[in-house]
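**Q** Shown below is the structure under consideration.
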Amino acid sequence: MIYEVEGLKEVLDMLEKLETTARLIKPILTDFGRGILSTQGLQVYPPISEANMPRPGGWYQRGAGPRWYGGSGGRNTSEKLNLQWRTEVGDRELTLSNAASYAFYVHGDGQPGFHARRGWKKLGPTVAELMPRLVDGLRRKLHMIIK
């Protein structure tokens, strides 16, 4: 015997859309992570400053380490900060971290003023700034999916 329940098809259609939406949560969070990290000053280095320009007494060469004239010329100590970002996505959470030993001093609460003046962004304020825009974009996508 088949019973037709009024409104059931609409409810099942909605549930199917919600299931599809649920499967999109991890990719959406991954996109959030990419959007945050692609910010200049996080994964994209800010413009080169005077600290990166060759000068007497020494300088820091990005991707290599300290350099100086005379002697051996420098040490290769760079941990390549921009390549050390990690994104971990859970069912409903996103974790961004950086494995470089000095990340706390460039992107964290230990950041000295000279890094900020040179364009290096702190992770927390960057997330706070971008999250409303990212969430708004997600909200628009979900409305399009559910309609």
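To be explicit about the labels: the chains of the structure tokens are called A, B, and onward in the order shown, and within each one the residues are counted from 1, while ligands get numbers from 1 in the order they are shown.
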Within 12 Å of Gly124 of chain A, counting only C-alpha atoms, which residues show up once you throw out same-chain ones fewer than 4 positions away? Write them as a PyMOL selection string, please.

**A** chain A and resi 36-37+42+95-97+104+107-111+128-131

**Q** Taking 5 positions as the minimum chain separation for residues in the same chain, which residues sit within 8 Å of segment 46-59 of chain A when counting only C-alpha atoms? Answer as a short mmCIF file (atom, residue, chain, number, x, y, z; two decimals) with C-alpha atoms, in the first residue's frame.

**A**
data_model
loop_
_atom_site.label_atom_id
_atom_site.label_comp_id
_atom_site.auth_asym_id
_atom_site.auth_seq_id
_atom_site.Cartn_x
_atom_site.Cartn_y
_atom_site.Cartn_z
CA GLN A 40 49.49 39.98 1.93
CA GLY A 41 51.46 39.88 5.15
CA PRO A 66 71.18 36.67 7.34
CA ARG A 67 73.73 37.97 4.84
CA TRP A 68 76.80 40.13 5.26
CA TYR A 69 79.73 41.30 3.22
CA ARG A 118 56.85 46.64 7.50
CA GLY A 119 53.46 45.12 6.63
CA TRP A 120 53.48 41.79 8.47
#

**Q** Mind pulling up the distance from atom CA of Lys17 of chain A to atom CA of Asp136 of chain A?

**A**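 Taking atom CA of Asp136 of chain A and atom CA of Lys17 of chain A, their separation equals 19.4 Å.
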
**Q** When DSSP is applied to the backbone of this structure, which of chain A are assigned helix (DSSP H, G or I)? Write them out as a ChimeraX atom specification.

**A** /A:8-23,25-37,50-52,81-83,103-107,113-117,123-146

**Q** Near Lys26 of chain A, counting only C-alpha atoms, which residues have an atom at most 9 Å away, once you skip same-chain residues fewer than 3 positions from it, shown as a ChimeraX atom specification?

**A** /A:22-23,29-31,89-94

**Q** Check segment 70-105 of chain A with DSSP on the backbone and list each residue it calls strand (DSSP E or B), as a ChimeraX atom specification.

**A** /A:74,85-89,94-98

**Q** Keeping only C-alpha atoms, write those residues as a compact mmCIF listing (two decimals), in the first residue's frame.

**A**
# COMPACT_ATOMS: atom_id res chain seq x y z
CA GLY A 74 75.76 34.53 5.39
CA TRP A 85 51.29 27.42 7.12
CA ARG A 86 49.04 24.49 7.91
CA THR A 87 45.27 24.31 7.55
CA GLU A 88 43.32 21.68 9.46
CA VAL A 89 39.62 21.36 8.79
CA LEU A 94 39.15 25.51 10.93
CA THR A 95 42.62 25.65 12.48
CA LEU A 96 45.40 27.74 10.93
CA SER A 97 48.94 27.37 12.24
CA ASN A 98 52.51 28.05 11.22

**Q** Measuring between only C-alpha atoms, which one of A:Leu83, A:Gln43, A:Tyr102, A:Tyr60 shows the shortest distance to Lys121 of chain A?

**A**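 Comparing A:Leu83, A:Gln43, A:Tyr102, A:Tyr60 against Lys121 of chain A, the winner is A:Gln43.
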
**Q** Please indicate the distance in Å from atom CA of Lys141 of chain A to atom CA of Ile28 of chain A, rounded to one decimal place.

**A**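 Result for atom CA of Lys141 of chain A versus atom CA of Ile28 of chain A: 9.8 Å, one decimal.
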
**Q** Between A:Gln84, A:Thr126, A:Ser38, A:Asn76, which is the closest to Ser101 of chain A once you count only C-alpha atoms?

**A**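 Ranked by minimum distance to Ser101 of chain A, first place goes to A:Gln84.
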
**Q** Could you check which of A:Gly73, A:Phe114, A:Phe32, A:Leu24 is closest to Val127 of chain A, using only C-alpha atoms?

**A**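 Distance minimum relative to Val127 of chain A lands on A:Phe32.
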
**Q** For atom CA of Ala99 of chain A and atom CA of Glu79 of chain A, determine how far apart the two atoms are, in Å to one decimal place.

**A**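 Computed distance, atom CA of Ala99 of chain A to atom CA of Glu79 of chain A, equals 8.8 Å.
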